[in-house]
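K.L.:
Here you go, run.tsv (TSV, C-alpha atoms):
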```
chain	number	residue	atom	x	y	z
U	256	MET	CA	130.96	-133.53	-60.29
U	257	HIS	CA	133.55	-130.91	-59.59
U	258	LEU	CA	134.86	-130.92	-56.00
U	259	PRO	CA	136.40	-127.78	-54.50
U	260	SER	CA	140.11	-127.86	-53.99
U	261	ALA	CA	141.81	-127.81	-50.64
U	262	GLY	CA	142.76	-124.19	-51.13
U	263	GLY	CA	139.15	-123.21	-51.77
U	264	LEU	CA	137.97	-125.01	-48.65
U	265	LEU	CA	140.69	-123.32	-46.60
U	266	ALA	CA	139.67	-119.88	-47.90
U	267	LEU	CA	135.99	-120.56	-47.17
U	268	ALA	CA	136.79	-121.67	-43.63
U	269	HIS	CA	138.89	-118.58	-43.11
U	270	THR	CA	136.03	-116.36	-44.31
U	271	ILE	CA	133.52	-118.06	-42.00
U	272	ALA	CA	135.89	-117.76	-39.06
U	273	ALA	CA	136.48	-114.10	-39.79
U	274	ALA	CA	132.75	-113.43	-40.04
U	275	ALA	CA	132.11	-115.24	-36.75
U	276	ALA	CA	134.88	-113.34	-35.07
U	277	ALA	CA	133.46	-110.02	-36.32
U	278	THR	CA	130.11	-110.65	-34.62
U	279	THR	CA	129.27	-110.21	-30.96
U	280	THR	CA	126.41	-110.75	-28.53
U	281	VAL	CA	124.32	-107.95	-26.96
U	282	THR	CA	122.36	-108.75	-23.78
U	283	LEU	CA	119.65	-106.60	-22.19
U	284	TYR	CA	118.30	-107.08	-18.66
U	285	LEU	CA	114.87	-106.15	-17.37
U	286	PRO	CA	114.58	-104.12	-14.14
U	287	GLY	CA	113.08	-105.54	-10.97
U	288	THR	CA	109.98	-103.38	-11.36
U	289	PRO	CA	107.70	-104.33	-12.97
U	290	ALA	CA	108.10	-107.98	-12.09
U	291	PRO	CA	109.22	-109.83	-15.23
U	292	LEU	CA	106.74	-112.63	-14.49
U	293	THR	CA	103.85	-110.17	-14.89
U	294	LEU	CA	104.85	-109.16	-18.42
U	295	SER	CA	103.01	-110.47	-21.43
U	296	ALA	CA	104.40	-113.40	-23.40
U	297	ARG	CA	104.46	-111.12	-26.46
U	298	THR	CA	107.14	-108.94	-24.88
U	299	HIS	CA	110.20	-108.75	-27.13
U	300	ALA	CA	113.04	-106.40	-28.03
U	301	THR	CA	114.25	-105.17	-31.41
U	302	LEU	CA	117.72	-104.05	-32.49
U	303	THR	CA	117.33	-101.73	-35.47
U	304	SER	CA	119.89	-100.15	-37.75
U	305	LEU	CA	119.94	-98.83	-41.30
U	306	GLY	CA	119.11	-101.86	-43.39
U	307	ALA	CA	119.17	-104.34	-40.49
U	308	ARG	CA	116.62	-105.46	-37.90
U	309	LEU	CA	117.09	-108.11	-35.22
U	310	SER	CA	114.48	-109.37	-32.77
U	311	ALA	CA	114.91	-111.23	-29.48
U	312	PRO	CA	112.15	-112.76	-27.33
U	313	LEU	CA	112.03	-112.62	-23.55
U	314	SER	CA	114.09	-115.50	-22.19
U	315	ASP	CA	113.47	-117.60	-19.10
U	316	VAL	CA	116.01	-115.55	-17.13
U	317	HIS	CA	114.23	-112.31	-18.13
U	318	THR	CA	116.81	-111.12	-20.63
U	319	PHE	CA	116.93	-110.25	-24.33
U	320	VAL	CA	119.92	-111.77	-26.12
U	321	PHE	CA	120.95	-110.61	-29.61
U	322	ARG	CA	123.52	-112.91	-31.20
U	323	ASN	CA	125.73	-112.38	-34.24
U	324	VAL	CA	125.52	-108.60	-34.05
U	325	THR	CA	127.92	-106.93	-36.45
U	326	ALA	CA	129.71	-103.66	-35.85
U	327	GLY	CA	127.53	-100.57	-36.09
U	328	SER	CA	125.13	-98.28	-34.25
U	329	TYR	CA	121.70	-99.63	-33.27
U	330	LEU	CA	118.44	-98.48	-31.69
U	331	VAL	CA	116.99	-100.85	-29.07
U	332	ASP	CA	113.25	-100.89	-28.38
U	333	VAL	CA	111.46	-103.11	-25.88
U	334	HIS	CA	107.90	-103.82	-27.00
U	335	SER	CA	105.32	-104.81	-24.40
U	336	PRO	CA	101.53	-104.41	-24.50
U	337	THR	CA	101.35	-103.68	-20.75
U	338	ASP	CA	104.48	-101.67	-19.85
U	339	GLY	CA	106.72	-99.07	-21.47
U	340	PHE	CA	110.52	-99.04	-21.48
U	341	ALA	CA	113.02	-96.36	-22.45
U	342	PRO	CA	114.80	-96.93	-25.78
U	343	LEU	CA	118.58	-97.36	-25.91
U	344	ARG	CA	121.32	-96.61	-28.37
U	345	VAL	CA	123.87	-99.43	-28.65
U	346	ASP	CA	127.19	-99.07	-30.46
U	347	VAL	CA	129.24	-102.15	-31.34
U	348	SER	CA	132.82	-101.45	-32.35
U	349	GLU	CA	134.88	-103.52	-34.76
U	350	GLU	CA	137.21	-106.18	-33.41
U	351	ALA	CA	140.88	-105.28	-33.54
U	352	GLU	CA	143.38	-107.37	-35.46
U	353	ASP	CA	145.19	-108.42	-32.28
U	354	GLY	CA	142.13	-110.37	-31.08
U	355	VAL	CA	140.68	-107.71	-28.74
U	356	VAL	CA	136.96	-108.33	-28.15
U	357	ALA	CA	134.60	-105.82	-29.75
U	358	LYS	CA	133.53	-103.06	-27.39
U	359	VAL	CA	129.80	-102.57	-26.73
U	360	GLU	CA	128.47	-99.30	-25.32
U	361	ALA	CA	124.91	-98.13	-24.62
U	362	TRP	CA	123.17	-94.82	-23.93
U	363	GLU	CA	119.59	-93.99	-23.06
U	364	THR	CA	117.84	-91.98	-25.77
U	365	PHE	CA	114.35	-90.85	-26.78
U	366	ARG	CA	112.35	-90.15	-29.92
U	367	GLY	CA	113.44	-86.99	-31.71
U	368	ASN	CA	116.82	-86.86	-29.97
U	369	ASP	CA	119.86	-85.97	-32.06
U	370	TRP	CA	121.73	-89.20	-32.78
U	371	ASP	CA	125.06	-87.57	-31.94
U	372	ASN	CA	123.73	-86.43	-28.54
U	373	LYS	CA	124.68	-89.46	-26.47
U	374	GLY	CA	124.79	-88.26	-22.89
U	375	GLU	CA	126.04	-90.45	-20.07
U	376	ALA	CA	126.86	-94.04	-20.97
U	377	LEU	CA	125.13	-96.89	-19.15
U	378	ALA	CA	127.13	-99.14	-16.87
U	379	LEU	CA	127.60	-102.81	-17.69
U	380	ARG	CA	125.73	-105.30	-15.54
U	381	LYS	CA	126.96	-108.78	-14.79
U	382	GLY	CA	124.39	-111.56	-15.07
U	383	SER	CA	124.12	-114.79	-13.11
U	384	ASP	CA	125.62	-116.72	-16.05
U	385	GLY	CA	128.64	-114.41	-16.18
U	386	SER	CA	127.55	-112.50	-19.29
U	387	SER	CA	127.58	-108.70	-19.39
U	388	GLY	CA	124.72	-106.52	-20.56
U	389	PHE	CA	122.73	-103.36	-20.02
U	390	GLU	CA	119.59	-102.78	-17.99
U	391	VAL	CA	116.64	-101.02	-19.60
U	392	ARG	CA	114.62	-98.50	-17.61
U	393	ALA	CA	110.89	-98.99	-17.09
U	394	LEU	CA	108.64	-95.99	-17.85
U	395	GLY	CA	105.46	-97.31	-16.22
U	396	ARG	CA	102.23	-99.06	-17.07
U	397	LYS	CA	100.42	-98.32	-20.29
U	398	THR	CA	96.85	-97.05	-19.97
U	399	TYR	CA	94.44	-97.66	-22.81
U	400	PHE	CA	91.22	-96.58	-21.08
U	401	MET	CA	90.31	-93.57	-18.96
U	402	GLU	CA	88.89	-94.43	-15.56
U	403	ARG	CA	85.44	-93.03	-14.89
U	404	PRO	CA	85.56	-90.45	-12.07
U	405	LYS	CA	83.80	-91.49	-8.89
U	406	PHE	CA	81.07	-89.50	-7.16
U	407	SER	CA	82.47	-87.08	-4.62
U	408	LEU	CA	80.56	-84.60	-2.49
U	409	LEU	CA	83.67	-82.44	-2.23
U	410	SER	CA	83.79	-81.97	-6.02
U	411	ILE	CA	80.19	-80.64	-5.91
U	412	LEU	CA	80.99	-78.20	-3.12
U	413	MET	CA	84.06	-76.95	-5.01
U	414	ASN	CA	81.90	-75.99	-7.99
U	415	PRO	CA	82.18	-72.18	-8.56
U	416	MET	CA	78.40	-71.77	-8.82
U	417	ILE	CA	77.89	-73.59	-5.52
U	418	LEU	CA	80.58	-71.48	-3.86
U	419	MET	CA	78.93	-68.26	-5.10
U	420	GLY	CA	75.57	-69.42	-3.74
U	421	LEU	CA	77.06	-70.26	-0.36
U	422	VAL	CA	78.83	-66.88	-0.11
U	423	SER	CA	75.60	-65.06	-1.03
U	424	MET	CA	73.70	-67.02	1.60
U	425	VAL	CA	76.29	-66.15	4.24
U	426	ILE	CA	76.01	-62.46	3.32
U	427	PHE	CA	72.20	-62.42	3.43
U	428	VAL	CA	72.06	-64.27	6.74
U	429	GLY	CA	75.08	-62.73	8.44
U	430	LEU	CA	74.62	-59.06	7.45
U	431	PRO	CA	71.38	-58.52	9.48
U	432	LYS	CA	73.01	-60.19	12.48
U	433	LEU	CA	76.00	-57.88	12.09
U	434	VAL	CA	73.75	-54.80	11.96
U	435	GLU	CA	71.88	-55.86	15.09
U	436	ASN	CA	75.13	-56.14	17.03
U	437	MET	CA	76.27	-52.60	16.09
U	438	ASP	CA	76.41	-49.90	18.73
U	439	PRO	CA	73.67	-47.22	18.39
U	440	GLU	CA	75.93	-44.49	17.00
U	441	THR	CA	77.47	-46.69	14.31
U	442	ARG	CA	74.08	-48.09	13.40
U	443	ALA	CA	72.54	-44.62	13.09
U	444	GLU	CA	75.42	-43.47	10.89
U	445	TRP	CA	75.06	-46.56	8.70
U	446	GLU	CA	71.30	-46.05	8.31
U	447	ALA	CA	71.83	-42.40	7.37
U	448	THR	CA	74.32	-43.46	4.73
U	449	GLN	CA	71.87	-45.96	3.33
U	450	LYS	CA	69.13	-43.34	3.15
U	451	GLU	CA	71.33	-40.98	1.16
U	452	ASN	CA	72.14	-43.66	-1.37
U	453	PRO	CA	69.99	-42.96	-4.48
U	454	MET	CA	69.93	-46.64	-5.40
U	455	ASN	CA	67.67	-47.37	-2.44
U	456	SER	CA	64.87	-45.37	-4.01
U	457	ILE	CA	65.08	-47.63	-7.07
U	458	LEU	CA	64.99	-50.86	-5.12
U	459	SER	CA	62.42	-49.83	-2.53
U	460	SER	CA	58.76	-49.47	-3.43
U	461	ALA	CA	55.56	-48.92	-1.47
U	462	GLY	CA	53.29	-51.93	-1.49
U	463	GLY	CA	50.80	-51.63	-4.34
U	464	GLN	CA	51.24	-47.85	-4.81
U	465	GLN	CA	52.32	-46.19	-8.03
U	466	GLN	CA	55.36	-44.00	-7.48
U	467	ALA	CA	56.95	-41.40	-9.65
U	468	ASN	CA	60.14	-42.25	-11.49
U	469	PRO	CA	62.87	-42.00	-8.84
U	470	LEU	CA	65.44	-41.22	-11.51
U	471	GLY	CA	63.62	-38.15	-12.70
U	472	ASN	CA	65.80	-35.68	-10.73
U	473	PHE	CA	68.85	-37.89	-10.38
U	474	ASP	CA	72.11	-36.26	-11.48
U	475	MET	CA	74.66	-39.01	-12.27
U	476	ALA	CA	77.55	-36.56	-12.75
U	477	ALA	CA	76.94	-34.93	-9.38
U	478	TYR	CA	76.63	-38.32	-7.71
U	479	LEU	CA	79.93	-39.54	-9.16
U	480	ALA	CA	81.60	-36.24	-8.18
U	481	GLY	CA	80.44	-36.71	-4.60
U	482	SER	CA	78.42	-33.49	-4.39
U	483	ASN	CA	74.92	-33.11	-2.93
U	484	LYS	CA	71.77	-32.60	-4.91
U	485	LYS	CA	71.41	-29.33	-6.70
U	486	GLU	CA	69.68	-26.64	-4.74
U	487	SER	CA	66.15	-26.05	-5.81
U	488	GLY	CA	66.64	-22.25	-6.05
U	489	SER	CA	66.77	-22.18	-9.77
U	490	SER	CA	63.35	-21.74	-11.22
U	491	SER	CA	62.22	-24.00	-13.95
U	492	PRO	CA	62.17	-22.39	-17.38
U	493	ALA	CA	58.87	-21.03	-18.58
U	494	PRO	CA	57.13	-23.21	-21.03
U	495	ALA	CA	57.48	-22.13	-24.60
U	496	GLU	CA	54.52	-20.44	-26.13
U	497	ALA	CA	52.47	-22.61	-28.31
U	498	LYS	CA	53.14	-21.97	-31.91
U	499	PRO	CA	50.11	-21.03	-33.98
U	500	LYS	CA	48.86	-23.81	-36.08
U	501	ASN	CA	49.31	-23.47	-39.77
U	502	GLN	CA	45.92	-23.29	-41.32
U	503	GLY	CA	45.42	-24.39	-44.81
U	504	VAL	CA	44.18	-21.98	-47.51
U	505	ARG	CA	40.65	-22.60	-48.59
U	506	ARG	CA	39.80	-22.17	-52.20
```
Render the structure in this file as structure tokens.

P.N.:
Amino acid sequence: MHLPSAGGLLALAHTIAAAAAATTTVTLYLPGTPAPLTLSARTHATLTSLGARLSAPLSDVHTFVFRNVTAGSYLVDVHSPTDGFAPLRVDVSEEAEDGVVAKVEAWETFRGNDWDNKGEALALRKGSDGSSGFEVRALGRKTYFMERPKFSLLSILMNPMILMGLVSMVIFVGLPKLVENMDPETRAEWEATQKENPMNSILSSAGGQQQANPLGNFDMAAYLAGSNKKESGSSSPAPAEAKPKNQGVRR
């Protein structure tokens, strides 16, 4: 059995230490609303990048902790069957050679947004255990079913057909009352105007009596021009003489 040399073990330890130093931890906090205790047990968060995908469950202190995150740019999504949360963009910088801790920054984003359009960076939040992280924003409850509308008398009265019927009823009931309260001169003038209206002859009819066509002598052009009926001075043209009938030739 071939055992690795001391130099090989030292190089392997150095590689592991360098890889551990190049990773960092990303922590996400849930907001106070909705209450974290009301969320489903299936609630979890994902940290996605090109060729990499990390998942973190909801912890007892209502946080999502991603460990051993390498340098890069990631998209954070919080998945919950009952509530929606805004996605985040998280950038993890590389650790400097002088031992400076990797810098973690986060921005709120949305689907279809240009990846270079970052906007305002989110502020770091200190947790009860002393760790730093970012708070995700709640978008509201998810609705899977449409609530059936309840019966409302107001919705029936606001129907356009009902409103038209009510207005017509007010006109039919209120117009005779308005005419009765007119002074005699105004009422006489209104009745004279109604008598001159040619449409009244169409609508009015004697009970059970056959009347001539009221539109027989109606001149639409004169009515639209506002002039009176044509004077009856012009005599009607004489009827044309009857043409002799063509008689057939008998053979």

K.L.:
Identify which of the residues U:Val434, U:Met475, U:Leu313, U:Val359 lies closest to Ser295 in chain U, counting all atoms listed in the file when measuring atom-to-atom distances.

P.N.:
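Result for the nearest residue to Ser295 in chain U: U:Leu313.
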
K.L.:
Counting all atoms listed in the file, which residue out of U:Gly382, U:Pro289, U:Pro439, U:Gly367 sits closest to Leu394 in chain U?

P.N.:
U:Pro289

K.L.:
Find the residues around Tyr329 in chain U up to 7 Å (only C-alpha atoms counted), leave out those fewer than 6 positions away in its own chain, and share them as a PyMOL selection string.

P.N.:
chain U and resi 302-304+344-346

K.L.:
May I ask for the distance between CA of Ala357 in chain U and CA of Val333 in chain U, given in Å to one decimal place?

P.N.:
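Going from CA of Ala357 in chain U over to CA of Val333 in chain U covers 23.6 Å.
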
K.L.:
Please provide the set of residues having any atom within 7 Å of range 397-413 of chain U, restricted to only C-alpha atoms, with same-chain residues fewer than 2 positions apart removed, written as a PyMOL selection string.

P.N.:
chain U and resi 337-339+395+415+417-418

K.L.:
Between CA of Gly388 in chain U and CA of Leu285 in chain U, what is the distance, to one decimal in Å?

P.N.:
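Value for the CA of Gly388 in chain U-CA of Leu285 in chain U distance: 10.4 Å.
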
K.L.:
Rounded to one decimal in Å, what is the spacing between CA of Arg322 in chain U and CA of Thr282 in chain U?

P.N.:
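According to the coordinates, CA of Arg322 in chain U and CA of Thr282 in chain U are separated by 8.6 Å.
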
K.L.:
Could you pull the residues within 12 Å of Val320 in chain U, counting all atoms listed in the file, minus those fewer than 3 positions along the same chain, as a list in words?

P.N.:
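Those residues are Thr279, Thr280, Val281, Thr282, Leu283, Tyr284, Leu285, His299, Ala300, Thr301, Leu302, Leu309, Ser310, Ala311, Pro312, Leu313, Ser314, Asp315, Val316, His317, Asn323, Val324, Val331, Gly382, Ser386, Ser387, Gly388 and Phe389 of chain U.
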
K.L.:
Counting all atoms listed in the file, figure out which residue out of U:Gly420, U:Pro342, U:Pro286, U:Pro431 gets nearest to Leu330 in chain U.

P.N.:
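Answer, going by the shortest atom-to-atom distance: U:Pro342.
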